[in-house]
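Structure, as C-alpha cells:
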Amino acid sequence: MKNSNVGYKSTIDKQTLLLLGIFTILMVFFGFVEDSFLTNRSISSMAIQLPEMGILSLAMMITVMIGGINLSVNATANLSAVLAGLFVLQVVPQLATDGNGGALIVTIILVALLVGVLTGVFNGFLVAYLNVPPILATLASMTVFTGIGVGLTKGQTVTGFPDALGMISSQSVFGIPLPFFVFVGVSIVTHVLLKYTTFGFKTRMLGTNPTAAKFSGINNKSITMKVYVMSSMLASIAGVLIMSRTMSASNAYGTATYVTLTILIGVLAGVISGKGSVINVFITVLILQVISTGFHMLLAGVKGSAFFKDFVWGILLIAIFIINYFSRSRNKE
Amino acid sequence: MLKKTIKSNEFITFSIIVLLSLIIGIINPAFFSLATVFDVLRASIVPSIMAFGLLLVIIAGGVDISFVAFAALGAYGTHMLLLHYGYQGGILLYYIIACAIGLLAGSLSGFIITRFDVPMFDVSLATFTLWYGFIRFFIGSAKNFQIPEGAVGYYAKFITTVKDPFVGEAGLHISVIYVLVIGVLIHILLKYTTLGRGIYAIGGNKDVAIRSGFNVRRIILIIYMILGVLSAFAGVTQSFLSRHFEPTLFMTQNLDVIAAVILGGASINGGRGSVLGTFLGVVLMQLINRAMVLTGITVEWQELVIGLVLTIFISLPAMRDRINKKTRHPVEIPDEI
C-alpha cells in the first residue's frame, strides 16, 4: 500500500493496458483450446457469478483508497441478507405470501441497505473517531457482524423465500443476466462519485496525504465515516445478489475466500492509498472470472480441478508485482 | 521500575486474564483446576508457535496472512510424501522435512518482498491463495487419517497427568516444551541480538533503519525464513495432536492469530511487541473461548461475544492515546523503544 507518487499518471494507464492485455490473451487462449468457452451459456454463467465478487471488490477498494481496509465486507453482505431475510419472513410474512414480488424485493433491498448504513457507521466510528487501525477495527467488526447473524439464525441457513426473490438473478436482458447490469451500474456510480465529485476529490486527497487534507480544510473524520458507510452499503447490495442467486441467506457464504479475493483484486488492479480506478477493478474481476471458468472447463474431470485457479491467481499476482517493479524502475530512469 | 511494569501492555493483558479467570471461577468453580490450566495450555501450543513467527513480521511493521498456508503445505505435503513411501517411523522426520518445506516457502516470500519491493501483506495475499491452490490441486484435497505407526500415541504424550473430579484424567502435553524453547529463542533474538534490534528499527521507521546501517532486505528475508519454519512446525504439531492431516489446515484461522498477537500488546503499525505478551494474547483468546462454554453463554451467541470483547479491547489503547494526547504532550512520543 506504500508507493511512490512519482509517475502515477502514466503507470495507471499502463496498468489498465496491462490488465486489458492479460484479459485478451486469456480470452483468446481459452477460446482456442476450449470450444464451449465462448458460448452463450458459459458467458451468461460467468455473468451471474462475477457481480457479487465485483461489487464486494469495489466495497473493499474505496476503503483501501483512503489508506484503510474493510475485512468485514463479506460479513456485512451476509448479515444484510440474513436480516433482510428474517425481516420479510418473520416481521412482514404477508409480503412473502402475497405473491407481490415487487414489494418483496424492494423491502429486502431497503432493509439490506439500512443494515449497510448501520454496519458502516459502526466501522466508521471505530476507525475515524476512536482511531483504531482499520485492519483491527474491521477484523473485530467482522466477528461482531457474523456473530449477530449466527446468533439470530442459530447458525442455520435461512430459506423458504418466495420464488419472486430469484427474479433478480434469473432475469436477463439481451441474454445477459440482470446481476451483471447491477454490477455495471454500481461501477458507473462509484466511478462518477470518485472521479467527478468533491467527495471523490476529498477521498483521494485523504488517501494521498491525510495531514495535507486536514490542513486544506477537509474534515477527515467525516470523509472516513462516509467511505466506510458507502463500503458497507455496496457490500449489502452484493448480499442481496447472493441471496437472490442462492434463494437463501447464511453467514457462511464465502467466508473462507471472498475477503482475501477482494483484497487480491484490489492489489491486482493497482489500488493503493489515494489512487484507485474502478475500470481497473472491473477488468480484474473479469480476468479472475475468466481464469476460474476457463480452467474449470479445461480441467473438467481432473481431481481437485476447482483449486487450480487459486494457484494461477497467486502466480498472476506475483507476476504483476514483478512487472510493476520493472515498470516503476524504468520510470525512475 | 514497578510503575513501568504496571503500565506495560503485557501487564494489562495479564491482568485481563486474571480478572477473566476470577469471573469465570466465581460463576463456575469447576474452572479452578489444573485440568483447565492444562487444557488452555494445550489449546495455546499451536497458535503460540505461529504467533511467535508472526510477531516478528508485525514488529517489523508488516502483516502476513500466508503463514497458515506455510503450515498446511509443510504438514500436509510432508505427510503425503512420507505416506507415498510407506514411512512408519517417528515424528522427528516429519518435523525435519516440514521445516525444510516451510523454510523454502518462507524464503520464496521473503525473496519476492525484498527483491521486488512489494509490501509483505500484498505478497502474503498471493502466496496464501497460491499455496492452498497448490496443495489442493497438486498434492491432494481430502483429509487423511493414516498416522504412521511410530507416531500413533503422540497425541497423548503427557509430561504429567492429574486426576480431576470433573473431566477425569487430564494431562499436560509434551509439546508445551516446544513453546517454551521457541519462545525463549525468539525472545533472545529480539532483545539481545543486532538482528532483533534491526527488526524493531524497521518497524519503528524503515528509512531511519536503512540509514542506521541495518540491512533491511536481509532482515526481512530472515524473518520470513523463521516464519516459514515455525509455521510448518506448528502445522505438524497440530496435525499430530488432532490425529489427521488436512489440506486446508488453519485456512480460516490466520486472522485469529493476528488478533492474538495484537491482544498481546504488539502494535499493528510496527516497532512494538514481545514474546511474553504474544503468548499471553494467545492464552487470553483461548480463555475467552472457554469462558463462554463455562459461563453458559449458548453456542450461537459466542461469536458475537468474542467480537464485542475484541472491539472493546482494540478501542482501549486508541482511547488511552487520545486522552494522553490531550492532557500531556502535543507530539506523539512512543512508549518504549
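Letters A, B, ... mark the chains of the C-alpha cells in the order given; residue numbers begin at 1 per chain; ligand numbers begin at 1, in order shown.
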
6 Å contacts from chain B to chain A using only C-alpha atoms, as a ChimeraX atom specification: /B:116,126-127,129-130,133-134,137,252,300-301,303-304,307,310-311,318

Who sits within 12 Å of Ile220 (chain B), only C-alpha atoms, same chain under 6 positions skipped, as a PyMOL selection string: chain B and resi 56-62+106-115+117-120+195-196+198-203+206+214+226-227

From B:Tyr224, B:Phe250, B:Tyr155, B:Tyr76, residue lying nearest Tyr95 (chain B) [only C-alpha atoms]: B:Tyr76

All residues 9 Å or closer to Leu38 (chain A), only C-alpha atoms, same chain fewer than 6 positions away omitted, as a list in words: Met27, Phe30 and Gly31 of chain A

Spatial neighbours of region 79-86 of chain B, max dist 9 Å, only C-alpha atoms, sep filter under 6 positions, as a PyMOL selection string: chain B and resi 94+98+139-140+144+146-148+236+245

Pull C-alpha atoms from the residues just selected and write them as a compact mmCIF listing (two decimals), in the first residue's frame.
```txt
# COMPACT_ATOMS: atom_id res chain seq x y z
CA TYR B 94 8.08 -35.13 9.84
CA ALA B 98 8.17 -29.93 7.09
CA ILE B 139 -0.97 -32.80 -3.59
CA GLY B 140 -4.48 -33.73 -2.56
CA ASN B 144 -6.04 -38.15 5.65
CA GLN B 146 -3.36 -42.60 8.38
CA ILE B 147 -0.90 -41.78 11.13
CA PRO B 148 2.47 -43.59 10.88
CA VAL B 236 2.91 -30.77 12.01
CA PHE B 245 -3.81 -34.22 8.12
```

For CA of Met247 (chain A) and CA of Val173 (chain A), the interatomic separation in Å (one decimal): 20.6 Å

All helix (DSSP H, G or I) residues (DSSP, backbone) inside region 69-196 of chain A, as a VMD selection string: chain A and resid 73 to 91 93 to 98 101 to 129 134 to 153 163 to 170 178 to 196

9 Å contact set for Ile17 (chain B), only C-alpha atoms, chain neighbours under 2 positions out, as a count of residues only: 13

Shell of 9 Å around Ile283 (chain A), only C-alpha atoms, local chain residues under 4 positions omitted, as an MDAnalysis selection string: chainID A and resid 16 19:20 23 269 278:279 287:288

Output the selection as a PDB file, in the first residue's frame - C-alpha atoms for each residue.
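Final output, saved to selection-v1.pdb:
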```pdb
ATOM      1  CA  THR A  16      -5.202  -0.627 -17.477  1.00  0.00           C
ATOM      2  CA  LEU A  19      -4.875  -5.772 -17.478  1.00  0.00           C
ATOM      3  CA  LEU A  20      -6.655  -5.458 -20.823  1.00  0.00           C
ATOM      4  CA  PHE A  23      -7.730 -10.287 -20.379  1.00  0.00           C
ATOM      5  CA  ALA A 269      -5.913  -3.622 -10.099  1.00  0.00           C
ATOM      6  CA  VAL A 278     -12.969   1.450 -10.955  1.00  0.00           C
ATOM      7  CA  ILE A 279     -12.201   0.490 -14.557  1.00  0.00           C
ATOM      8  CA  ILE A 287      -9.907 -11.676 -15.554  1.00  0.00           C
ATOM      9  CA  LEU A 288     -10.360 -13.672 -12.358  1.00  0.00           C
TER      10      LEU A 288
END
```

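Between CA of Glu52 (chain A) and CA of Ala238 (chain A) lies a distance of 4.9 Å.
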
DSSP strand (DSSP E or B) residues within region 88-289 of chain A, as a PyMOL selection string: chain A and resi 158+172-173+176-177+249+272+275
